[in-house]
Structure formats: C-alpha cells, structure tokens
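Student: Below is the file coords.txt, with compact mmCIF, C-alpha atoms.
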# COMPACT_ATOMS: atom_id res chain seq x y z
CA VAL A 1 -4.17 7.95 12.64
CA LYS A 2 -3.36 11.22 14.36
CA GLY A 3 -2.54 14.11 12.04
CA VAL A 4 0.45 15.60 13.86
CA ASP A 5 2.47 14.26 16.77
CA SER A 6 2.73 16.75 19.64
CA SER A 7 5.94 15.39 21.15
CA PRO A 8 9.00 17.71 21.42
CA LEU A 9 11.39 18.19 18.52
CA ARG A 10 14.11 15.55 18.65
CA LEU A 11 16.97 14.06 16.72
CA PRO A 12 16.87 10.35 15.80
CA HIS A 13 17.82 8.04 18.66
CA ILE A 14 20.79 5.81 17.89
CA ASN A 15 20.41 2.28 19.21
CA HIS A 16 23.78 0.69 20.04
CA ASN A 17 22.34 -2.79 20.60
CA PRO A 18 22.64 -4.70 17.26
CA ALA A 19 20.24 -7.45 18.31
CA LYS A 20 17.54 -4.97 19.23
CA MET A 21 18.11 -3.02 16.04
CA ILE A 22 17.81 -6.14 13.87
CA LYS A 23 14.66 -7.18 15.70
CA LYS A 24 13.21 -3.72 15.15
CA ILE A 25 13.89 -3.55 11.41
CA LEU A 26 13.21 -7.24 10.68
CA PRO A 27 9.52 -6.67 9.76
CA ASP A 28 10.57 -3.97 7.30
CA LEU A 29 13.19 -6.23 5.73
CA ILE A 30 10.60 -8.99 5.36
CA ALA A 31 8.21 -6.55 3.71
CA ILE A 32 10.89 -5.39 1.24
CA LEU A 33 11.75 -9.01 0.39
CA ALA A 34 8.06 -9.76 -0.13
CA PHE A 35 7.77 -6.80 -2.53
CA VAL A 36 10.72 -8.13 -4.55
CA LEU A 37 9.21 -11.61 -4.77
CA ILE A 38 5.75 -10.29 -5.71
CA SER A 39 7.25 -8.09 -8.42
CA PHE A 40 9.17 -11.00 -9.94
CA ALA A 41 6.14 -13.27 -9.67
CA TYR A 42 3.84 -10.83 -11.47
CA PHE A 43 6.07 -10.63 -14.56
CA PHE A 44 7.13 -14.30 -14.47
CA PRO A 45 8.35 -15.92 -16.68
CA ALA A 46 8.94 -12.98 -19.05
CA ASP A 47 11.28 -11.27 -16.56
CA ILE A 48 13.75 -14.19 -16.61
CA GLU A 49 13.50 -14.95 -20.34
CA GLY A 50 14.71 -11.59 -21.63
CA ARG A 51 11.45 -10.70 -23.35
CA ILE A 52 10.81 -7.11 -24.39
CA LEU A 53 7.41 -5.51 -23.87
CA PHE A 54 6.27 -3.47 -26.87
CA GLN A 55 5.21 0.01 -25.76
CA HIS A 56 3.98 2.52 -28.32
CA ASP A 57 5.40 5.64 -26.68
CA THR A 58 8.71 3.95 -25.92
CA ALA A 59 9.08 2.80 -29.52
CA ALA A 60 8.23 6.27 -30.80
CA GLY A 61 10.69 7.80 -28.33
CA ALA A 62 13.46 5.48 -29.51
CA GLY A 63 12.93 6.65 -33.07
CA ALA A 64 12.85 10.30 -32.09
CA GLY A 65 16.03 9.98 -30.07
CA GLN A 66 18.03 7.86 -32.51
CA GLU A 67 19.94 10.80 -34.02
CA ALA A 68 20.93 12.13 -30.59
CA LYS A 69 21.95 8.62 -29.51
CA GLU A 70 24.21 8.17 -32.55
CA TYR A 71 25.79 11.58 -31.94
CA TYR A 72 26.62 10.61 -28.35
CA GLU A 73 28.12 7.28 -29.46
CA GLN A 74 30.32 9.02 -32.03
CA THR A 75 31.47 12.02 -29.98
CA GLY A 76 30.88 11.18 -26.33
CA GLU A 77 28.96 14.45 -25.98
CA ARG A 78 25.23 15.05 -25.70
CA THR A 79 23.58 17.16 -28.34
CA ARG A 80 20.87 19.60 -27.33
CA TRP A 81 19.29 19.62 -30.79
CA THR A 82 17.76 17.00 -33.07
CA ASN A 83 16.34 17.09 -36.58
CA SER A 84 14.28 13.93 -35.98
CA LEU A 85 11.18 15.79 -34.79
CA PHE A 86 9.21 18.51 -36.56
CA GLY A 87 11.56 20.93 -38.32
CA GLY A 88 14.17 20.33 -35.64
CA MET A 89 13.86 20.97 -31.92
CA PRO A 90 15.84 20.95 -28.64
CA THR A 91 16.27 17.65 -26.80
CA TYR A 92 15.44 19.13 -23.39
CA GLN A 93 12.39 16.88 -23.02
CA ILE A 94 13.10 13.82 -25.17
CA SER A 95 16.56 13.37 -23.60
CA PRO A 96 16.77 15.30 -20.33
CA SER A 97 20.25 14.14 -19.31
CA TYR A 98 22.48 16.44 -17.27
CA ASP A 99 25.71 15.78 -15.40
CA SER A 100 24.22 17.34 -12.26
CA THR A 101 21.78 14.44 -11.89
CA VAL A 102 24.35 11.63 -12.18
CA PRO A 103 24.55 11.15 -8.36
CA LEU A 104 20.75 11.03 -8.24
CA GLN A 105 20.67 8.39 -10.95
CA TRP A 106 23.00 6.17 -8.93
CA THR A 107 21.03 6.58 -5.72
CA GLN A 108 17.88 5.79 -7.69
CA LYS A 109 19.38 2.49 -8.83
CA ILE A 110 20.30 1.65 -5.24
CA TYR A 111 16.75 2.45 -4.11
CA GLN A 112 15.45 0.15 -6.85
CA LEU A 113 17.87 -2.58 -5.66
CA PHE A 114 19.23 -2.84 -9.24
CA LEU A 115 16.18 -4.93 -10.14
CA PRO A 116 15.46 -5.62 -13.83
CA THR A 117 13.15 -3.40 -15.87
CA TYR A 118 9.43 -3.62 -15.06
CA VAL A 119 10.16 -5.67 -11.94
CA ASN A 120 11.75 -2.56 -10.45
CA LEU A 121 8.69 -0.46 -11.34
CA THR A 122 6.22 -2.56 -9.37
CA PHE A 123 8.72 -2.81 -6.52
CA ILE A 124 9.17 0.96 -6.07
CA LEU A 125 5.40 1.46 -6.16
CA MET A 126 4.90 -0.90 -3.23
CA LEU A 127 7.95 0.31 -1.34
CA GLY A 128 7.06 4.01 -1.66
CA PHE A 129 3.55 3.56 -0.32
CA TYR A 130 4.89 1.28 2.41
CA ILE A 131 7.27 4.04 3.55
CA LEU A 132 4.35 6.48 3.69
CA LEU A 133 2.19 4.21 5.84
CA ARG A 134 5.10 3.45 8.16
CA ALA A 135 5.61 7.21 8.62
CA PHE A 136 2.00 7.35 9.81
CA GLY A 137 2.80 4.66 12.37
CA ILE A 138 0.97 1.82 10.61
CA PRO A 139 2.26 -1.69 11.55
CA ALA A 140 4.55 -3.32 8.99
CA TRP A 141 2.16 -6.07 7.91
CA LEU A 142 -0.69 -3.65 7.35
CA ALA A 143 1.56 -1.14 5.60
CA GLY A 144 2.71 -3.97 3.33
CA LEU A 145 -0.88 -4.76 2.43
CA GLY A 146 -1.49 -1.09 1.68
CA GLY A 147 1.55 -0.99 -0.60
CA ILE A 148 0.27 -3.99 -2.54
CA MET A 149 -3.24 -2.51 -2.91
CA TRP A 150 -1.81 0.79 -4.16
CA ALA A 151 0.62 -0.80 -6.62
CA PHE A 152 -1.88 -3.18 -8.18
CA SER A 153 -4.45 -0.61 -9.23
CA SER A 154 -5.08 -1.09 -12.95
CA TYR A 155 -3.89 2.39 -13.95
CA PHE A 156 -0.24 1.66 -13.24
CA PHE A 157 -0.16 -1.32 -15.58
CA ILE A 158 -1.94 0.69 -18.26
CA LEU A 159 0.92 3.20 -17.95
CA ILE A 160 3.51 0.42 -18.34
CA SER A 161 1.84 -1.00 -21.45
CA ALA A 162 1.57 2.48 -22.99
CA GLY A 163 5.20 3.29 -22.25
CA HIS A 164 4.42 6.25 -19.96
CA ILE A 165 7.35 5.33 -17.75
CA TRP A 166 8.32 8.84 -16.60
CA LYS A 167 4.80 9.41 -15.36
CA PHE A 168 4.83 6.02 -13.64
CA ILE A 169 8.14 6.63 -11.85
CA THR A 170 7.08 10.10 -10.71
CA LEU A 171 3.95 8.60 -9.15
CA ALA A 172 6.08 5.98 -7.38
CA TYR A 173 8.14 8.70 -5.67
CA ILE A 174 5.20 10.79 -4.45
CA PRO A 175 4.09 8.67 -1.43
CA PRO A 176 7.58 8.61 0.17
CA THR A 177 7.81 12.36 -0.43
CA ILE A 178 4.65 12.83 1.61
CA ALA A 179 6.12 10.44 4.19
CA GLY A 180 8.97 12.89 4.69
CA ILE A 181 6.50 15.73 5.20
CA VAL A 182 4.57 13.68 7.76
CA LEU A 183 7.75 12.87 9.70
CA ALA A 184 8.86 16.52 9.72
CA TYR A 185 5.58 17.68 11.26
CA ARG A 186 5.85 14.88 13.81
CA GLY A 187 9.14 16.31 15.03
CA LYS A 188 11.54 14.02 13.14
CA LEU A 189 13.17 16.87 11.25
CA LEU A 190 16.31 15.12 10.02
CA ALA A 191 14.58 12.00 8.70
CA GLY A 192 11.70 14.03 7.29
CA GLY A 193 13.95 16.56 5.60
CA ILE A 194 16.20 13.93 4.01
CA LEU A 195 13.26 11.87 2.74
CA THR A 196 11.50 14.93 1.34
CA ALA A 197 14.58 16.33 -0.39
CA PHE A 198 15.59 12.98 -1.87
CA PHE A 199 12.21 12.01 -3.27
CA ILE A 200 11.32 15.48 -4.56
CA ALA A 201 14.66 15.42 -6.39
CA LEU A 202 13.80 12.02 -7.88
CA GLN A 203 10.35 13.27 -8.86
CA ILE A 204 11.76 16.25 -10.72
CA MET A 205 14.41 14.09 -12.39
CA SER A 206 11.63 11.77 -13.57
CA ASN A 207 10.39 14.69 -15.65
CA HIS A 208 6.61 14.59 -15.29
CA VAL A 209 5.69 17.79 -13.49
CA GLN A 210 1.95 17.30 -13.99
CA MET A 211 1.85 14.33 -11.60
CA SER A 212 3.70 16.29 -8.94
CA TYR A 213 1.41 19.27 -9.49
CA TYR A 214 -1.73 17.30 -8.64
CA PHE A 215 -0.25 16.15 -5.36
CA LEU A 216 0.42 19.73 -4.31
CA PHE A 217 -3.28 19.71 -3.33
CA VAL A 218 -2.58 16.81 -0.96
CA ILE A 219 0.49 18.46 0.53
CA LEU A 220 -1.21 21.84 0.93
CA ALA A 221 -4.19 20.25 2.68
CA PHE A 222 -1.94 18.34 5.07
CA VAL A 223 0.12 21.44 5.89
CA ILE A 224 -3.03 23.48 6.58
CA VAL A 225 -4.35 20.79 8.94
CA ALA A 226 -0.99 20.79 10.74
CA LEU A 227 -1.17 24.59 11.00
CA ILE A 228 -4.67 24.51 12.47
CA LYS A 229 -3.58 22.01 15.10
CA ALA A 230 -0.47 24.06 15.88
CA VAL A 231 -2.55 27.21 16.40
CA ARG A 232 -4.98 25.42 18.70
CA ALA A 233 -2.16 23.78 20.69
CA ARG A 234 -0.10 27.01 20.72
CA GLU A 235 2.81 25.26 18.99
CA MET A 236 3.43 27.71 16.15
CA ARG A 237 7.19 27.66 16.71
CA ARG A 238 7.21 23.92 16.16
CA TRP A 239 5.12 24.26 12.98
CA LEU A 240 7.36 27.02 11.63
CA ILE A 241 10.53 25.01 12.22
CA ALA A 242 9.07 21.96 10.47
CA THR A 243 7.79 24.07 7.57
CA GLY A 244 11.15 25.81 7.27
CA SER A 245 13.04 22.51 7.19
CA LEU A 246 10.73 21.21 4.45
CA ALA A 247 11.20 24.42 2.46
CA LEU A 248 14.97 23.92 2.64
CA ALA A 249 14.51 20.31 1.52
CA GLY A 250 12.48 21.52 -1.46
CA VAL A 251 15.15 24.06 -2.38
CA ALA A 252 17.84 21.37 -2.23
CA ALA A 253 15.81 19.08 -4.50
CA VAL A 254 15.15 21.85 -7.00
CA THR A 255 18.81 22.88 -6.99
CA ALA A 256 19.89 19.33 -7.84
CA ASN A 257 17.68 19.52 -10.96
CA LEU A 258 18.20 23.19 -11.81
CA PRO A 259 19.60 22.72 -15.35
CA SER A 260 16.65 20.55 -16.40
CA LEU A 261 14.09 22.88 -14.84
CA TYR A 262 15.66 26.02 -16.29
CA TYR A 263 15.92 24.77 -19.86
CA THR A 264 12.43 23.28 -19.72
CA TYR A 265 11.10 26.66 -18.55
CA GLU A 266 12.93 28.52 -21.29
CA TYR A 267 11.85 26.05 -23.96
CA SER A 268 8.22 26.07 -22.82
CA LYS A 269 7.94 29.71 -23.86
CA GLU A 270 8.38 28.62 -27.48
CA THR A 271 5.82 25.81 -27.29
CA MET A 272 2.03 25.69 -27.23
CA ARG A 273 2.17 25.60 -23.43
CA GLY A 274 3.80 29.01 -23.44
CA GLY A 275 0.86 30.55 -25.25
CA SER A 276 0.85 32.13 -28.68
CA GLU A 277 0.41 35.58 -30.13
CA LEU A 278 -1.75 33.93 -32.78
CA ALA A 279 -3.88 32.30 -30.06
CA SER A 280 -5.09 29.42 -32.22
CA THR A 281 -8.41 28.18 -30.85
CA ALA A 282 -7.48 24.59 -31.67
CA GLU A 283 -4.59 23.92 -29.30
CA THR A 284 -3.32 27.03 -27.53
CA SER A 285 -4.38 30.33 -26.01
CA LYS A 286 -2.37 33.43 -25.15
CA ASN A 287 -1.49 32.06 -21.72
CA GLY A 288 -1.35 28.30 -22.20
CA LEU A 289 -3.25 25.42 -23.73
CA ALA A 290 -6.71 26.00 -25.14
CA LEU A 291 -9.47 24.63 -22.95
CA ASP A 292 -10.90 22.28 -25.60
CA TYR A 293 -7.49 20.79 -26.34
CA ALA A 294 -6.52 20.41 -22.69
CA THR A 295 -9.79 18.68 -21.79
CA ALA A 296 -9.97 16.25 -24.73
CA TRP A 297 -9.36 13.40 -22.30
CA SER A 298 -11.94 14.08 -19.60
CA TYR A 299 -13.30 11.31 -17.41
CA GLY A 300 -17.04 10.88 -17.76
CA ARG A 301 -19.22 11.29 -14.69
CA THR A 302 -20.80 7.87 -15.16
CA GLU A 303 -17.44 6.48 -16.25
CA SER A 304 -16.14 7.29 -12.76
CA LEU A 305 -17.89 4.13 -11.58
CA ASN A 306 -14.93 2.35 -13.21
CA LEU A 307 -13.13 3.14 -9.97
CA LEU A 308 -15.42 0.65 -8.24
CA VAL A 309 -16.64 -1.65 -11.04
CA PRO A 310 -14.06 -2.95 -13.54
CA ASP A 311 -14.99 -2.42 -17.20
CA PHE A 312 -18.13 -0.49 -16.27
CA MET A 313 -17.72 1.54 -19.47
CA GLY A 314 -15.80 -1.11 -21.36
CA ARG A 315 -12.17 -1.98 -21.79
CA GLU A 316 -9.31 -0.84 -23.99
CA SER A 317 -10.17 1.16 -27.10
CA GLY A 318 -9.38 -0.39 -30.46
CA THR A 319 -10.50 -3.84 -29.42
CA ALA A 320 -13.78 -5.53 -30.19
CA PHE A 321 -16.39 -6.50 -27.62
CA ALA A 322 -15.59 -10.08 -26.62
CA PRO A 323 -18.59 -11.65 -24.87
CA ASP A 324 -18.07 -14.66 -22.66
CA GLY A 325 -19.96 -16.74 -20.14
CA GLU A 326 -23.74 -16.33 -20.00
CA VAL A 327 -23.66 -13.28 -22.29
CA ALA A 328 -21.98 -15.32 -25.03
CA ALA A 329 -24.50 -18.15 -24.57
CA VAL A 330 -27.47 -15.79 -24.98
CA LEU A 331 -25.95 -14.16 -28.06
CA ASN A 332 -25.34 -17.59 -29.58
CA ASP A 333 -28.96 -18.57 -28.99
CA TYR A 334 -30.15 -15.55 -30.98
CA GLY A 335 -27.40 -15.67 -33.61
CA LEU A 336 -25.98 -12.32 -32.52
CA ARG A 337 -22.45 -13.29 -31.56
CA GLY A 338 -20.98 -12.04 -34.85
CA ALA A 339 -22.80 -8.73 -34.58
CA ALA A 340 -21.67 -8.27 -30.98
CA GLN A 341 -18.04 -8.73 -31.96
CA GLN A 342 -18.32 -5.68 -34.21
CA LEU A 343 -19.17 -3.45 -31.25
CA PRO A 344 -16.47 -1.33 -29.59
CA ALA A 345 -15.07 -2.61 -26.30
CA TYR A 346 -15.08 0.93 -24.84
CA TRP A 347 -18.08 3.26 -24.84
CA GLY A 348 -16.99 6.08 -22.53
CA THR A 349 -16.60 9.79 -23.34
CA GLN A 350 -12.83 9.83 -23.96
CA PRO A 351 -11.47 9.70 -27.54
CA TYR A 352 -9.77 6.42 -26.66
CA THR A 353 -8.20 4.78 -23.64
CA GLY A 354 -5.78 2.04 -22.69
CA GLY A 355 -8.24 0.67 -20.15
CA PRO A 356 -10.34 1.66 -17.14
CA THR A 357 -8.94 3.17 -13.95
CA TYR A 358 -10.06 0.47 -11.53
CA LEU A 359 -8.97 1.03 -7.94
CA GLY A 360 -10.45 -2.11 -6.41
CA ALA A 361 -13.80 -2.66 -4.77
CA ALA A 362 -12.09 -3.79 -1.55
CA ALA A 363 -9.94 -0.64 -1.40
CA ILE A 364 -12.93 1.65 -1.93
CA PHE A 365 -15.00 -0.27 0.62
CA LEU A 366 -12.25 0.11 3.22
CA ALA A 367 -11.87 3.80 2.40
CA ALA A 368 -15.62 4.38 2.80
CA LEU A 369 -15.54 2.43 6.06
CA GLY A 370 -12.71 4.64 7.25
CA VAL A 371 -14.64 7.80 6.45
CA ALA A 372 -17.61 6.46 8.39
CA LEU A 373 -15.77 5.13 11.44
CA VAL A 374 -12.42 6.88 11.89
CA ARG A 375 -12.41 9.98 14.06
CA GLY A 376 -10.08 12.94 13.72
CA ARG A 377 -9.32 15.67 11.22
CA ASN A 378 -7.30 13.56 8.78
CA LYS A 379 -10.29 12.07 7.04
CA TRP A 380 -11.83 15.44 6.21
CA TRP A 381 -8.92 16.79 4.23
CA ILE A 382 -8.63 13.42 2.49
CA VAL A 383 -12.32 13.55 1.51
CA ALA A 384 -11.98 17.17 0.36
CA VAL A 385 -8.93 16.47 -1.82
CA SER A 386 -10.64 13.38 -3.27
CA ALA A 387 -13.70 15.40 -4.26
CA LEU A 388 -11.62 18.24 -5.72
CA THR A 389 -9.46 16.04 -7.94
CA LEU A 390 -12.42 13.93 -9.07
CA LEU A 391 -14.16 17.10 -10.26
CA LEU A 392 -10.96 18.22 -12.01
CA ALA A 393 -10.76 14.84 -13.77
CA TRP A 394 -14.26 15.36 -15.21
CA GLY A 395 -12.89 18.23 -17.30
CA ARG A 396 -15.28 19.17 -20.11
CA ASN A 397 -18.01 17.14 -18.39
CA LEU A 398 -18.04 19.82 -15.68
CA MET A 399 -16.83 22.76 -17.73
CA TRP A 400 -17.76 25.60 -15.36
CA PHE A 401 -15.54 24.08 -12.66
CA THR A 402 -12.74 23.36 -15.14
CA GLU A 403 -12.82 26.96 -16.39
CA LEU A 404 -12.44 28.19 -12.82
CA ALA A 405 -9.41 25.94 -12.36
CA PHE A 406 -7.83 27.13 -15.62
CA ASP A 407 -8.38 30.77 -14.70
CA TRP A 408 -7.37 30.66 -11.03
CA LEU A 409 -4.94 27.79 -10.38
CA PRO A 410 -1.37 28.89 -11.22
CA GLY A 411 0.16 26.76 -13.97
CA TYR A 412 -2.89 24.54 -14.38
CA ASN A 413 -3.47 25.71 -17.97
CA LYS A 414 -0.10 24.21 -18.97
CA PHE A 415 -1.42 20.64 -18.64
CA ARG A 416 -3.61 18.45 -20.81
CA THR A 417 -5.41 15.15 -20.22
CA VAL A 418 -7.18 16.32 -17.09
CA SER A 419 -8.37 12.78 -16.36
CA MET A 420 -4.89 12.19 -14.89
CA ALA A 421 -6.10 13.96 -11.74
CA LEU A 422 -7.63 10.61 -10.75
CA VAL A 423 -4.19 9.55 -9.53
CA VAL A 424 -4.90 11.58 -6.40
CA VAL A 425 -8.23 9.81 -5.84
CA GLN A 426 -6.33 6.57 -6.28
CA TRP A 427 -3.87 7.66 -3.58
CA THR A 428 -6.48 8.94 -1.12
When written as structure tokens, how does the structure in this file appear?
Tutor:
Amino acid sequence: VKGVDSSPLRLPHINHNPAKMIKKILPDLIAILAFVLISFAYFFPADIEGRILFQHDTAAGAGAGQEAKEYYEQTGERTRWTNSLFGGMPTYQISPSYDSTVPLQWTQKIYQLFLPTYVNLTFILMLGFYILLRAFGIPAWLAGLGGIMWAFSSYFFILISAGHIWKFITLAYIPPTIAGIVLAYRGKLLAGGILTAFFIALQIMSNHVQMSYYFLFVILAFVIVALIKAVRAREMRRWLIATGSLALAGVAAVTANLPSLYYTYEYSKETMRGGSELASTAETSKNGLALDYATAWSYGRTESLNLLVPDFMGRESGTAFAPDGEVAAVLNDYGLRGAAQQLPAYWGTQPYTGGPTYLGAAAIFLAALGVALVRGRNKWWIVAVSALTLLLAWGRNLMWFTELAFDWLPGYNKFRTVSMALVVVQWT
C-alpha cells in the first residue's frame, strides 16, 4: 500500500450512469449486509429475545444517574448536579448530554442503521475498519475480512461485558477517522475532510478522550511520513493544503462538542486529574495522577504473549482454574482436581482483569509477514508506533520509560490504566 497518492488535487467525480454506479458500490453494499448478518448471528438468539446483558459499570452508572434521570422526567430539564455520588458532584461526565450534539446523535443512529443494542456495536467496529481499508485502496472482500479480524479481537467483547461502552464506541470511530486523513493526503479533500470531521465529532461525543489520545501517535506518524514524501517530491503545497483542510475538519468537530469539552476541562481542575495542592502520594500529584496510581493496571512483559497465545497468563480474574481435556485427566489420576480448582484462573501482574487481550494468531502472523515482505515506508511507521504503545502499556514494568512519558508527553499524566495503550497495537 502506497503511503500518499501523488495525483493532482481533485474534487469527487460524479458518475451520471446509475447502472455503473450500482455496479461500483455493489461490493460495498454486500460487505455492509454481511456485517449486519454477522453481528446478529454472534448475539443470536439473545438479540431477538429481548435479553439484557448484565454489565457492572452500566449497572453502577444507572444507580449513579437515577436522581438526574428522575429530575429530567419531572421537569423536562437536565440537571448539572447530583447528590448520588460522593458528597454531590456535577453530572458533566456521568450524563454528558448537550443540545448541541443532538444532530450528531441522529447521524450516529443512521450510521449504526438503527440496529439493536450490542448488535450495533459489533457492526460499527467492522464497518469503521472496512472504511479505513477501502481508503487505502484495499479490495472490498479483503477489506471485509480485515474488518472482521479487527472487530473480533477479544478485547472488544471484554469491554462489552464490563460495560465500558463509551470506550468501545470511541474505538469504533477511530479507524474511519484515519480513513479521512488518508483520503485527504491522497488528494480527495472533500471526502477526507467530511469523514475526518464527522468521526472526530463522534469520537469526542463518545466521551473517552484517552482512546483518542493514544491514536494521536498513529496520526502524527502518518502525517510525518506524508510530509517526508512531500518534501522529496517537492509537493509541499499539496501537503499544506491537505493538512490545512484536516485542521479545519478538526476545528469543526471540536466546535460541535464545545460545551462538553469546556465543562469537562473546567471540572477536571477540581478532580484528582487536575492535580492537588496537597499532592497525595496515593492517587494524585501536583500536575496530574500519581505514577503509582496511574500504572496500577500495567501489562506484564511476559503477559504480552497473550496477544498471540490465548490465556497465556490465564483468563478472567475472580474465577477458578477449570482444567479440561488431558490436563483434567492427569489431575484426576493424581487426585489433584479439587486442589487445582482452588487456583486462580489469572496469574498476571495486573490487580485483576476481565480477560486477556488476544489479537489472533492469524492476524499477528499476517502482520509479521507484511513487515517481512511489504516494501515501502508505511510499514516502518506502523512498526514504530506498535513498539512505542507496547512499551507504554507495560507501565510500571518498564518504569523508566513510563516516567519519561509522564514527564514529557502533554496530557499523558491525566490518564490511568496504561495497559489500554494496547488498543493501538491491536489496530496496527
């Protein structure tokens, strides 16, 4: 895949032949239909029986937001304060609803094809990655396969079961955002700008800035590669125009979410992420979160083999080791089955986990094959970003590197659970 197209800047060509247009978009329509069917099939039959998935964070959020919900039902107005949490607190994060985002909410439903809950989540994962691969010029059938491989990494379903839906949705909108950036640097300014603005706006509305932050490394690397090529080809004007259009797209997306961003920023000053004059060593420092608190969930170096080998360091915390197959037979022979069932199912370095981040042996094999065989500059920035975010995910298991990141990366000390950086490795 070439990094940047060198063709002249151009507006989209309008095809006035309906038959040709249908023939052209037919593979994409088939792919979208396949994504819908796969999403329904995965959750079948629960998705047609009205079952409700219990999610710890969702249940806790419902309780925390009950007072605000009742106030809205009684008055028709949204309260910006609740007494349900701590000694009372603003609702800027537990209920980030603003009139300015109503149009975005409707376009989001259209993008999700009004599919039922959970079915729509898997669908937008596949569709977003599909859009990205199509922007790179990948054939529809292969882009569809890529979308399926991305969506069915174990981490996404761990997020669903935990109720981390905002994080999940933000991740679903990141690949099509990058697709817009790719198109802009390939000369398709209108399509690239619209895609970028729309999906950045949806990302911000989804209210999980940390996920977007990690992918700034990806975007920065891609832009630098495009700049290097532009300098060598003496096409700086082209690069500047594309960069300027993307900057305007970013401004438009931020403007659409300005109330949410502003109040979050103001509120953050009064939270542990805003630092503290007391500078408690347990959770906060004068500038942000304390290093020990922020790195409590750090991926172990050996545990990183979970990316390739499922359950390499065990399964979900809180469950007992459940031997089966030959292991169970051997334990039975020695009368150790009962003792084995008392062992923890997870033995990694994190306090607890909902399950391993398994990317798929086939996906990693193909990625390694690509690094070995594919020529061009794209693979090098992909390898570099993969290595960087893997090291960031190690957190306290590579503390000297983590300290550098906390000291030098703007805003990085506002985030906890550094193991989340693995989402970038998953993408690359």
Student: So that I can see what lies close to range 48-54 of chain A, please list as a PyMOL selection string the residues with an atom at most 10 Å from it, counting all atoms listed in the file and leaving out residues fewer than 5 positions away in the same chain.
Tutor: chain A and resi 40+43+59+116-118+160-163
Student: If you keep C-alpha atoms, can you produce a file of those selected residues as a PDB file, keeping the file's coordinate frame?
Tutor:
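The resulting file, out00.pdb, is shown below:
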ATOM      1  CA  PHE A  40       9.170 -11.000  -9.940  1.00  0.00           C
ATOM      2  CA  PHE A  43       6.070 -10.630 -14.560  1.00  0.00           C
ATOM      3  CA  ALA A  59       9.080   2.800 -29.520  1.00  0.00           C
ATOM      4  CA  PRO A 116      15.460  -5.620 -13.830  1.00  0.00           C
ATOM      5  CA  THR A 117      13.150  -3.400 -15.870  1.00  0.00           C
ATOM      6  CA  TYR A 118       9.430  -3.620 -15.060  1.00  0.00           C
ATOM      7  CA  ILE A 160       3.510   0.420 -18.340  1.00  0.00           C
ATOM      8  CA  SER A 161       1.840  -1.000 -21.450  1.00  0.00           C
ATOM      9  CA  ALA A 162       1.570   2.480 -22.990  1.00  0.00           C
ATOM     10  CA  GLY A 163       5.200   3.290 -22.250  1.00  0.00           C
TER      11      GLY A 163
END
Student: Restricting the calculation to only C-alpha atoms: of A:Ile194, A:Val119, A:Leu29, A:Val330, which residue gets closest to Trp141 in chain A?
Tutor: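 For Trp141 in chain A, the nearest of the given residues is A:Leu29.
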Student: Quick one: distance from CA of Gly360 in chain A to CA of Lys167 in chain A in Å, one decimal?
Tutor: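 We find that CA of Gly360 in chain A and CA of Lys167 in chain A lie 21.1 Å from each other.
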Student: Looking at A:Ala372, A:Ala46, A:Ile25, A:Met89, which one is nearest to Thr271 in chain A, with distances taken over all atoms listed in the file?
Tutor: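 Nearest candidate to Thr271 in chain A out of A:Ala372, A:Ala46, A:Ile25, A:Met89: A:Met89.
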Student: Counting only C-alpha atoms, which residues in range 235-307 of chain A sit no more than 10 Å from range 407-412 of chain A? For each one, give the nearest pair of atoms and the distance in Å, sorted by chain then residue number, as JSON lines.
Tutor:
{"residue": "A:Arg273", "atom": "CA", "partner": "A:Gly411", "partner_atom": "CA", "distance": 9.7}
{"residue": "A:Asn287", "atom": "CA", "partner": "A:Gly411", "partner_atom": "CA", "distance": 9.5}
{"residue": "A:Gly288", "atom": "CA", "partner": "A:Gly411", "partner_atom": "CA", "distance": 8.5}
{"residue": "A:Leu289", "atom": "CA", "partner": "A:Tyr412", "partner_atom": "CA", "distance": 9.4}
{"residue": "A:Ala294", "atom": "CA", "partner": "A:Tyr412", "partner_atom": "CA", "distance": 10.0}
Student: Just how far from CA of Arg315 in chain A is CA of Leu336 in chain A, in Å to one decimal?
Tutor: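 If I compute the distance from CA of Leu336 in chain A to CA of Arg315 in chain A, I get 20.3 Å.
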Student: Nearest to Ile241 in chain A among A:Ala221, A:Leu190, A:Ala253, A:Ala60, with distances taken over all atoms listed in the file: which residue is it?
Tutor: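 Using all atoms listed in the file, Ile241 in chain A sits closest to A:Leu190.
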Student: Looking at only C-alpha atoms, which of A:Thr122, A:Asn207, A:Ile224, A:Trp381 is the one that sits closest to Ala41 in chain A?
Tutor: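 Of the candidates, the smallest distance to Ala41 in chain A is held by A:Thr122.
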Student: Give the padded box for range 362-377 of chain A as lines of an AutoDock Vina configuration file: axis-aligned, covering all atoms listed in the file, 4 Å on each side, centre and edge lengths in Å to one decimal.
Tutor:
center_x = -13.5
center_y = 5.9
center_z = 6.1
size_x = 16.3
size_y = 27.5
size_z = 24.0
Student: Tell me which of A:Thr170, A:Asn397, A:Gln210, A:Ser154 sits closest to Pro356 in chain A, counting all atoms listed in the file.
Tutor: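 Closest to Pro356 in chain A of all the choices is A:Ser154.
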Student: Have a look at CA of Thr417 in chain A and CA of Ser268 in chain A and let me know their distance in Å, one decimal.
Tutor: 17.7 Å
Student: In terms of the shortest atom-to-atom distance over only C-alpha atoms, which of A:Gln350, A:Ser206, A:Thr75, A:Ser39 is closest to Ile174 in chain A?
Tutor: A:Ser206
Student: Find the residues near Thr295 in chain A: any atom within 10 Å, counting all atoms listed in the file, skip ones fewer than 4 places away on the same chain, and give them as an MDAnalysis selection string.
Tutor: chainID A and resid 289:291 299 350 392:397 399 402 415:419
